[in-house]
Structure formats: structure tokens, C-alpha cells
>>> print(open('entry.txt').read())   # compact mmCIF, C-alpha atoms
# COMPACT_ATOMS: atom_id res chain seq x y z
CA MET A 10 -68.50 -55.95 139.75
CA VAL A 11 -70.55 -55.12 136.64
CA ALA A 12 -73.89 -55.59 138.46
CA ILE A 13 -72.74 -53.39 141.33
CA THR A 14 -71.56 -50.73 138.89
CA SER A 15 -74.85 -50.73 136.97
CA SER A 16 -76.75 -50.31 140.22
CA LEU A 17 -74.47 -47.45 141.18
CA LEU A 18 -75.01 -45.77 137.82
CA LEU A 19 -78.78 -46.09 138.18
CA SER A 20 -78.62 -44.51 141.66
CA LEU A 21 -76.35 -41.82 140.30
CA SER A 22 -78.78 -41.00 137.49
CA THR A 23 -81.64 -40.78 139.96
CA PHE A 24 -79.53 -38.50 142.15
CA ILE A 25 -78.79 -36.22 139.18
CA VAL A 26 -82.50 -35.92 138.33
CA SER A 27 -83.29 -35.12 141.96
CA LEU A 28 -80.61 -32.45 142.06
CA SER A 29 -81.87 -30.88 138.84
CA SER A 30 -85.33 -30.45 140.33
CA LEU A 31 -83.79 -29.05 143.52
CA TYR A 32 -81.47 -26.44 142.02
CA ILE A 33 -83.29 -25.11 138.94
CA PRO A 34 -84.37 -21.54 139.89
CA SER A 35 -88.05 -20.75 140.23
CA ARG A 36 -89.66 -18.93 137.31
CA SER A 37 -93.00 -18.13 138.98
CA SER A 38 -94.74 -14.85 138.16
CA SER A 39 -94.04 -11.89 140.46
CA THR A 40 -97.77 -11.05 140.56
CA ASP A 41 -98.38 -14.33 142.42
CA THR A 42 -95.89 -13.53 145.21
CA PHE A 43 -97.37 -13.70 148.71
CA VAL A 44 -97.60 -10.37 150.59
CA TYR A 45 -99.78 -11.11 153.63
CA GLY A 46 -102.78 -13.10 154.80
CA GLY A 47 -105.14 -13.27 157.74
CA CYS A 48 -107.98 -15.45 159.09
CA THR A 49 -110.87 -14.90 161.47
CA GLN A 50 -110.99 -16.80 164.76
CA GLU A 51 -114.42 -18.30 164.13
CA LYS A 52 -114.50 -21.76 162.52
CA TYR A 53 -117.14 -23.62 160.53
CA ALA A 54 -117.93 -27.33 160.46
CA PRO A 55 -116.65 -29.49 157.58
CA ASN A 56 -119.30 -30.48 154.99
CA SER A 57 -121.65 -27.82 156.36
CA PRO A 58 -123.87 -25.50 154.26
CA TYR A 59 -121.40 -22.71 155.06
CA GLU A 60 -118.54 -24.67 153.49
CA SER A 61 -120.65 -25.19 150.38
CA ASN A 62 -121.32 -21.44 150.24
CA ILE A 63 -117.59 -20.65 150.58
CA ASN A 64 -116.81 -22.96 147.66
CA SER A 65 -119.56 -21.32 145.61
CA LEU A 66 -118.23 -17.85 146.45
CA LEU A 67 -114.60 -18.67 145.62
CA THR A 68 -115.66 -20.23 142.32
CA SER A 69 -117.53 -17.02 141.47
CA LEU A 70 -114.43 -14.94 142.24
CA VAL A 71 -112.27 -17.02 139.91
CA ASN A 72 -114.83 -16.95 137.10
CA SER A 73 -115.42 -13.21 137.39
CA ALA A 74 -111.70 -12.41 137.31
CA THR A 75 -111.57 -13.57 133.68
CA TYR A 76 -113.48 -10.46 132.57
CA SER A 77 -113.37 -7.89 135.41
CA SER A 78 -110.57 -6.58 137.66
CA TYR A 79 -112.93 -6.21 140.64
CA ASN A 80 -116.16 -7.76 141.85
CA ASN A 81 -117.97 -8.62 145.05
CA TYR A 82 -120.56 -11.27 145.87
CA THR A 83 -123.01 -12.19 148.59
CA VAL A 84 -124.02 -15.85 148.82
CA MET A 85 -127.28 -16.33 150.70
CA GLY A 86 -127.87 -19.36 152.89
CA SER A 87 -130.86 -21.19 154.30
CA SER A 88 -130.13 -19.47 157.61
CA PRO A 89 -128.49 -16.09 158.47
CA GLN A 90 -125.32 -17.74 159.79
CA ASP A 91 -124.68 -19.35 156.40
CA VAL A 92 -124.54 -16.05 154.50
CA ILE A 93 -121.08 -15.18 153.19
CA TYR A 94 -119.67 -12.00 151.65
CA GLY A 95 -116.61 -11.84 149.45
CA LEU A 96 -114.64 -9.84 146.91
CA TYR A 97 -111.48 -9.79 144.85
CA GLN A 98 -109.40 -6.91 143.54
CA CYS A 99 -106.62 -7.00 140.94
CA ARG A 100 -103.88 -4.42 140.66
CA GLY A 101 -104.95 -1.77 138.19
CA ASP A 102 -102.21 -2.39 135.62
CA LEU A 103 -102.79 -6.14 135.26
CA SER A 104 -104.14 -7.59 132.03
CA MET A 105 -107.25 -9.75 132.34
CA PRO A 106 -105.33 -13.03 131.85
CA ASP A 107 -102.86 -12.00 134.58
CA CYS A 108 -105.72 -10.92 136.83
CA ALA A 109 -107.51 -14.24 136.37
CA THR A 110 -104.32 -16.19 137.03
CA CYS A 111 -103.55 -14.20 140.17
CA VAL A 112 -107.06 -14.60 141.63
CA ALA A 113 -107.05 -18.31 140.86
CA ARG A 114 -103.70 -18.63 142.65
CA ALA A 115 -105.00 -16.70 145.68
CA VAL A 116 -108.14 -18.85 145.87
CA SER A 117 -106.06 -22.03 145.66
CA GLN A 118 -103.91 -20.86 148.58
CA VAL A 119 -106.48 -19.38 150.95
CA GLY A 120 -108.09 -22.75 151.74
CA SER A 121 -104.86 -24.13 153.20
CA PHE A 122 -103.96 -20.77 154.76
CA CYS A 123 -107.31 -20.47 156.57
CA PRO A 124 -108.60 -24.06 156.95
CA TYR A 125 -112.20 -24.07 158.24
CA ASN A 126 -112.00 -20.39 159.24
CA SER A 127 -115.23 -18.51 158.59
CA GLY A 128 -113.33 -15.60 157.08
CA GLY A 129 -110.00 -15.08 155.35
CA ALA A 130 -108.01 -12.53 153.37
CA LEU A 131 -105.00 -13.01 151.12
CA GLN A 132 -102.90 -10.35 149.41
CA LEU A 133 -100.58 -11.31 146.57
CA GLN A 134 -98.48 -8.79 144.65
CA GLY A 135 -101.06 -8.64 141.88
CA CYS A 136 -104.40 -9.22 143.60
CA TYR A 137 -106.38 -9.43 146.83
CA ILE A 138 -109.27 -11.63 147.95
CA LYS A 139 -111.39 -11.56 151.09
CA TYR A 140 -114.48 -13.35 152.45
CA ASP A 141 -116.33 -13.33 155.77
CA ASN A 142 -119.71 -14.09 157.31
CA THR A 143 -119.93 -10.49 158.55
CA THR A 144 -120.45 -7.88 155.88
CA PHE A 145 -117.50 -5.59 155.17
CA LEU A 146 -118.55 -4.41 151.72
CA GLY A 147 -118.44 -0.62 151.42
CA VAL A 148 -117.15 -0.26 154.98
CA GLU A 149 -114.04 1.85 155.56
CA ASP A 150 -111.25 0.13 157.49
CA LYS A 151 -107.90 1.86 158.01
CA THR A 152 -106.38 -0.82 160.22
CA VAL A 153 -102.68 -1.35 159.45
CA VAL A 154 -102.21 -4.95 158.30
CA LEU A 155 -98.66 -4.70 156.94
CA LYS A 156 -95.84 -2.18 157.13
CA LYS A 157 -92.55 -2.79 155.38
CA CYS A 158 -89.69 -0.30 155.11
CA GLY A 159 -86.45 -0.76 153.22
CA PRO A 160 -82.97 0.08 154.49
CA SER A 161 -82.22 3.72 155.13
CA VAL A 162 -79.50 5.38 153.09
CA GLY A 163 -79.32 8.47 155.27
CA TYR A 164 -81.06 11.76 154.72
CA ASP A 165 -81.22 12.73 151.06
CA SER A 166 -83.12 15.99 150.74
CA ASP A 167 -83.46 15.76 146.96
CA GLY A 168 -84.62 12.14 147.06
CA MET A 169 -87.08 12.78 149.91
CA SER A 170 -88.44 15.82 148.08
CA ARG A 171 -89.09 13.76 144.93
CA ARG A 172 -90.69 10.98 146.99
CA ASP A 173 -92.98 13.44 148.79
CA SER A 174 -93.96 15.03 145.46
CA VAL A 175 -94.80 11.65 143.94
CA LEU A 176 -96.90 10.64 146.95
CA ALA A 177 -98.66 14.02 146.99
CA ALA A 178 -99.55 13.53 143.32
CA LEU A 179 -101.12 10.17 144.20
CA VAL A 180 -103.36 11.90 146.74
CA GLY A 181 -104.45 14.35 144.05
CA SER A 182 -105.19 11.62 141.51
CA GLY A 183 -108.65 10.19 140.99
CA GLY A 184 -109.82 6.61 140.79
CA PRO A 185 -109.09 3.57 142.91
CA TYR A 186 -105.74 2.82 141.17
CA ARG A 187 -103.08 5.54 141.19
CA VAL A 188 -99.52 5.44 139.92
CA GLY A 189 -96.87 8.11 139.38
CA GLY A 190 -93.16 8.79 139.27
CA SER A 191 -90.43 11.41 139.18
CA GLY A 192 -86.91 10.52 138.14
CA ASN A 193 -85.97 7.30 139.90
CA VAL A 194 -88.86 7.47 142.39
CA GLN A 195 -92.03 5.47 141.72
CA GLY A 196 -95.27 5.56 143.69
CA LEU A 197 -98.40 3.41 143.73
CA ALA A 198 -101.68 3.47 145.63
CA GLN A 199 -104.91 1.52 145.30
CA CYS A 200 -108.22 1.17 147.10
CA VAL A 201 -110.47 -1.87 147.19
CA GLY A 202 -113.23 -1.34 144.64
CA ASP A 203 -116.11 -1.35 147.13
CA LEU A 204 -115.12 2.06 148.56
CA SER A 205 -116.67 5.32 147.41
CA PHE A 206 -114.36 8.03 146.05
CA THR A 207 -114.51 10.01 149.30
CA VAL A 208 -113.76 7.00 151.50
CA CYS A 209 -111.02 5.84 149.11
CA GLN A 210 -109.43 9.28 149.23
CA ASP A 211 -109.46 9.26 153.02
CA CYS A 212 -107.88 5.79 153.10
CA VAL A 213 -105.13 6.68 150.61
CA MET A 214 -104.25 9.84 152.53
CA GLU A 215 -103.94 7.80 155.72
CA ALA A 216 -101.70 5.18 154.04
CA ILE A 217 -99.46 7.81 152.44
CA GLY A 218 -99.16 9.78 155.68
CA ARG A 219 -98.16 6.63 157.53
CA VAL A 220 -95.64 5.36 154.98
CA LYS A 221 -93.91 8.77 154.93
CA SER A 222 -93.70 9.12 158.69
CA GLU A 223 -92.91 5.51 159.56
CA CYS A 224 -90.45 4.67 156.76
CA GLY A 225 -88.59 8.00 156.91
CA GLY A 226 -85.57 7.91 154.59
CA ALA A 227 -85.95 4.26 153.56
CA VAL A 228 -85.25 3.39 149.92
CA TYR A 229 -88.72 1.84 149.68
CA GLY A 230 -91.86 1.69 151.77
CA ASP A 231 -95.09 -0.35 151.78
CA MET A 232 -98.12 0.53 153.89
CA PHE A 233 -101.08 -1.83 153.58
CA LEU A 234 -104.27 -0.85 155.34
CA ALA A 235 -107.31 -3.13 155.37
CA LYS A 236 -108.99 -1.34 152.44
CA CYS A 237 -106.11 0.40 150.60
CA TYR A 238 -102.35 0.60 150.30
CA ALA A 239 -99.58 3.01 149.34
CA ARG A 240 -96.10 2.03 148.15
CA TYR A 241 -93.02 3.83 146.92
CA SER A 242 -89.58 2.80 145.71
CA THR A 243 -86.44 4.57 144.57
CA GLY A 244 -83.81 3.69 141.99
CA GLY A 245 -81.63 2.35 144.80
CA ALA A 246 -84.40 0.00 145.93
CA GLN A 247 -85.02 -1.25 142.40
CA SER A 248 -81.31 -1.81 141.76
CA TYR A 249 -80.90 -3.68 145.05
CA SER A 250 -83.90 -5.91 144.25
CA LYS A 251 -82.64 -6.66 140.74
CA MET A 252 -79.10 -7.33 141.96
CA HIS A 253 -80.34 -9.63 144.72
CA HIS A 254 -82.59 -11.58 142.34
CA ASP A 255 -79.94 -11.92 139.64
CA LYS A 256 -77.28 -12.95 142.15
CA SER A 257 -79.53 -15.56 143.73
CA SER A 258 -80.55 -16.96 140.35
CA ASN A 259 -76.98 -17.01 139.02
CA GLU A 260 -75.64 -18.69 142.16
CA SER A 261 -78.27 -21.45 141.90
CA GLU A 262 -77.47 -22.03 138.24
CA LYS A 263 -73.70 -22.12 138.94
CA THR A 264 -74.14 -24.55 141.82
CA PHE A 265 -76.32 -26.80 139.70
CA ALA A 266 -73.82 -26.74 136.80
CA ILE A 267 -70.89 -27.59 139.09
CA ILE A 268 -72.69 -30.51 140.70
CA ILE A 269 -73.87 -31.91 137.37
CA GLY A 270 -70.35 -31.56 135.96
CA LEU A 271 -68.82 -33.45 138.89
CA LEU A 272 -71.42 -36.20 138.81
CA ALA A 273 -71.14 -36.59 135.04
CA GLY A 274 -67.35 -36.94 135.44
CA VAL A 275 -67.79 -39.63 138.08
CA ALA A 276 -70.32 -41.46 135.88
CA LEU A 277 -67.95 -41.44 132.88
CA LEU A 278 -65.10 -42.70 135.04
CA ILE A 279 -67.22 -45.61 136.30
CA ILE A 280 -68.28 -46.50 132.74
CA PHE A 281 -64.66 -46.40 131.59
CA LEU A 282 -63.47 -48.62 134.45
CA THR A 283 -66.30 -51.07 133.78
CA PHE A 284 -65.34 -51.25 130.10
CA VAL A 285 -61.66 -51.78 130.91
CA ARG A 286 -62.47 -54.52 133.44
CA LYS A 287 -64.73 -56.26 130.89
CA VAL A 288 -62.06 -56.13 128.14
CA PHE A 289 -59.32 -57.43 130.40
CA GLY A 290 -61.66 -60.09 131.79
CA GLU A 291 -62.41 -61.41 128.29
CA ASN A 292 -58.71 -61.41 127.32
CA GLY A 293 -57.83 -63.35 130.44
CA LYS A 294 -60.20 -66.21 129.55
>>> encode(input="entry.txt", output="C-alpha cells")
Amino acid sequence: MVAITSSLLLSLSTFIVSLSSLYIPSRSSSTDTFVYGGCTQEKYAPNSPYESNINSLLTSLVNSATYSSYNNYTVMGSSPQDVIYGLYQCRGDLSMPDCATCVARAVSQVGSFCPYNSGGALQLQGCYIKYDNTTFLGVEDKTVVLKKCGPSVGYDSDGMSRRDSVLAALVGSGGPYRVGGSGNVQGLAQCVGDLSFTVCQDCVMEAIGRVKSECGGAVYGDMFLAKCYARYSTGGAQSYSKMHHDKSSNESEKTFAIIIGLLAGVALLIIFLTFVRKVFGENGK
């Protein structure tokens, strides 16, 4: 009986450790959260010169992100088909350590996201990377790659007016990174750093026009074009996000605490029964 009980306790301890790793909430940085990704159709051969050039390019992106929020590179090859172009862009409000961490995370993910694809792009909340064997540097591209609209709360003339004012102010701002707010409405827009001011302005206007028309009265809206994006959120959207996150985290912690409490109770009961059996066994001899 004692041997069986010891084995059970060992299994129980292992089970508790497994459950702890399963239920502890994630604490990962919000800047590393995946937004979207895409890959070209064309593939390259493993262990080819092109693969070596991709690795060299991605290493350069990670290294550069430790001291600059944007950079682009062209890696030349022994033949024209081995040339590769690439860039990274961090969100304008990120510190350099956060920028470097975000780019490193994106680079670590893009290889598995686009295995042996000649080109790939990955957008995280805090940064963006892209590479291809066809040059895209300095080229305007207003293709919609992601549209996301929050729930609609009905027509709110005051709220819509504030949102439109915030987005209009973003159009009037200069620079590739633009942020503004009015009351509980926040707005954000950013261009990839390879665009000129005129081309960036044209891209931002397109993104803002689309997010207004396609998201209507939604509490938040995201419009990502290939070379820029525009986003807005209201107090309702922020409160919903915070409530949802806190509720999810609290539920996980409560579930974990309940399970651990139950298992600990079972373990103590088994130990007590083992002790009692041992005492009575010795007295019976």
C-alpha cells in the first residue's frame, strides 16, 4: 500500500506541475502581438545562395533595430536572382530596446511563417518587417492587407465628430508617425520609412478614408495598407479590451487556484491515510 501511495503522490506532483504551466496566464509584451503576415508564392531551394542572403538580411535587420527605428537593406548575390531587398519599421513611440525586441521576435517568427518563400512580411503590434527578391523600396502600395472594425454602438454624432476630427488632424500632421486624441478618442497613423512625404501623405489619406467609411460607427477601427496604416479607438473600445483582458486573466488564475487547492487537499489526505496505516500496522505487530 505504501509503495502504491508513493507512486500516486509522485504522479500527483507531476500533474500539479503540468497544470501550473498550463494555467498561469501569459505575460508576453503587447508590442509582440501578431497582427498579420503574408508570403510570396515563389519558393527558393534549401541551402541555396538565396537562403544565405535571407539569413544575412534578417541578421542585419535585428542588429540595426538596436539603434534605429527604421532601416532598409539590399543584399547582392552572385547572380540577379539571388538579390534580396528588406526593411523593418518600428512603431514611432517605441524605445530602442522595445524596438529591438520586437524586430527580433518578428524575425524569429517569419521563418516558420514563410518557410522557403522568396518573400515574406510580418506585422506585429510594435513593428513590421518585409523582404522580397523584387524591389519594393520607395514604391507606393495602397493594397488593403487587413481591415478590422469593432462592434458598432449605434450612431453617436458627438463621438463620430470627435473621431473624424482626430483622424483629420492625423492627415494634417507631418512625419511618418502620427498620433492624436480628443477626449476618449485616440488616433494613430504611420507610414513605412521608405516613402517620401508626398507618397506617405497620399497613403495615410487613403487609409483614413477607408477606415472611416468601412468601419462606420464602430468603437474602434484598423486599416492596414501595404505601406501605411491608420487606427482609431474610443473609450468604449479601450474599456472593453481592458475588461476582457482582466476577466480572462482573473478566470485563469481562479481556475488554477481551485485546481491546486483540490489537488493539495487530496495529497494531504493520502499522506494522512498512509501515516495512519503505518502507525496501526506497527502497533499490530
>>> closest_residue(input="entry.txt", among="A:Asn142, A:Asn72, A:Gln90, A:Thr110", to="Thr40 in chain A", atoms="all atoms listed in the file")
A:Thr110
>>> atom_distance(input="entry.txt", atom1="CA of Gln134 in chain A", atom2="CA of Tyr45 in chain A")
9.4 Å
>>> closest_residue(input="entry.txt", among="A:Ala178, A:Ile93, A:Leu197, A:Met214", to="Ser127 in chain A", atoms="only C-alpha atoms")
A:Ile93
>>> closest_residue(input="entry.txt", among="A:Gly230, A:Gly86, A:Gly147, A:Pro124", to="Val194 in chain A", atoms="all atoms listed in the file")
A:Gly230
>>> closest_residue(input="entry.txt", among="A:Tyr76, A:Tyr82, A:Tyr94, A:Phe122", to="Cys108 in chain A", atoms="only C-alpha atoms")
A:Tyr76
>>> atom_distance(input="entry.txt", atom1="CA of Ala235 in chain A", atom2="CA of Ser205 in chain A")
14.9 Å
>>> closest_residue(input="entry.txt", among="A:Asp41, A:Leu146, A:Asn193, A:Phe233", to="Ser117 in chain A", atoms="all atoms listed in the file")
A:Asp41
>>> atom_distance(input="entry.txt", atom1="CA of Gly128 in chain A", atom2="CA of Ser69 in chain A")
16.2 Å
>>> closest_residue(input="entry.txt", among="A:Leu67, A:Val92, A:Val116, A:Leu133", to="Phe43 in chain A", atoms="all atoms listed in the file")
A:Leu133
>>> decode(input="entry.txt", residues="range 184-199 of chain A", atoms="N, CA, C and O atoms", output="CSV table (one decimal), in the first residue's frame")
chain,number,residue,atom,x,y,z
A,184,GLY,N,5.4,64.0,-40.9
A,184,GLY,CA,6.3,62.8,-40.4
A,184,GLY,C,5.6,61.5,-40.7
A,184,GLY,O,4.4,61.4,-40.9
A,185,PRO,N,6.4,60.4,-40.6
A,185,PRO,CA,5.8,59.1,-40.9
A,185,PRO,C,5.0,58.6,-39.7
A,185,PRO,O,4.1,57.7,-40.0
A,186,TYR,N,5.2,59.0,-38.5
A,186,TYR,CA,4.4,58.6,-37.3
A,186,TYR,C,3.6,59.7,-36.8
A,186,TYR,O,4.1,60.8,-36.5
A,187,ARG,N,2.3,59.4,-36.7
A,187,ARG,CA,1.3,60.5,-36.3
A,187,ARG,C,0.4,59.9,-35.3
A,187,ARG,O,-0.2,58.9,-35.4
A,188,VAL,N,0.2,60.7,-34.2
A,188,VAL,CA,-0.7,60.3,-33.1
A,188,VAL,C,-1.5,61.5,-32.6
A,188,VAL,O,-1.0,62.6,-32.6
A,189,GLY,N,-2.7,61.3,-32.2
A,189,GLY,CA,-3.5,62.4,-31.7
A,189,GLY,C,-4.7,61.9,-30.9
A,189,GLY,O,-5.0,60.7,-30.9
A,190,GLY,N,-5.4,62.8,-30.3
A,190,GLY,CA,-6.6,62.4,-29.5
A,190,GLY,C,-7.4,63.5,-29.1
A,190,GLY,O,-7.0,64.7,-29.1
A,191,SER,N,-8.7,63.2,-28.8
A,191,SER,CA,-9.6,64.2,-28.3
A,191,SER,C,-10.6,63.5,-27.4
A,191,SER,O,-11.4,62.7,-27.8
A,192,GLY,N,-10.6,63.9,-26.1
A,192,GLY,CA,-11.4,63.2,-25.1
A,192,GLY,C,-11.1,61.8,-25.0
A,192,GLY,O,-9.9,61.4,-24.8
A,193,ASN,N,-12.0,60.9,-25.3
A,193,ASN,CA,-11.8,59.4,-25.2
A,193,ASN,C,-11.5,58.8,-26.5
A,193,ASN,O,-11.5,57.6,-26.6
A,194,VAL,N,-11.2,59.6,-27.5
A,194,VAL,CA,-10.9,59.1,-28.9
A,194,VAL,C,-9.4,59.2,-29.1
A,194,VAL,O,-8.8,60.3,-28.9
A,195,GLN,N,-8.8,58.2,-29.5
A,195,GLN,CA,-7.4,58.2,-29.9
A,195,GLN,C,-7.2,57.8,-31.3
A,195,GLN,O,-7.9,56.9,-31.8
A,196,GLY,N,-6.2,58.4,-32.0
A,196,GLY,CA,-5.9,58.0,-33.4
A,196,GLY,C,-4.4,57.8,-33.6
A,196,GLY,O,-3.6,58.4,-32.9
A,197,LEU,N,-4.1,57.0,-34.6
A,197,LEU,CA,-2.7,56.7,-34.9
A,197,LEU,C,-2.6,56.3,-36.3
A,197,LEU,O,-3.4,55.7,-36.9
A,198,ALA,N,-1.5,56.9,-36.9
A,198,ALA,CA,-1.2,56.5,-38.3
A,198,ALA,C,0.3,56.5,-38.5
A,198,ALA,O,1.1,57.2,-37.8
A,199,GLN,N,0.8,55.6,-39.4
A,199,GLN,CA,2.2,55.5,-39.6
A,199,GLN,C,2.5,55.0,-41.0
A,199,GLN,O,1.8,54.1,-41.5
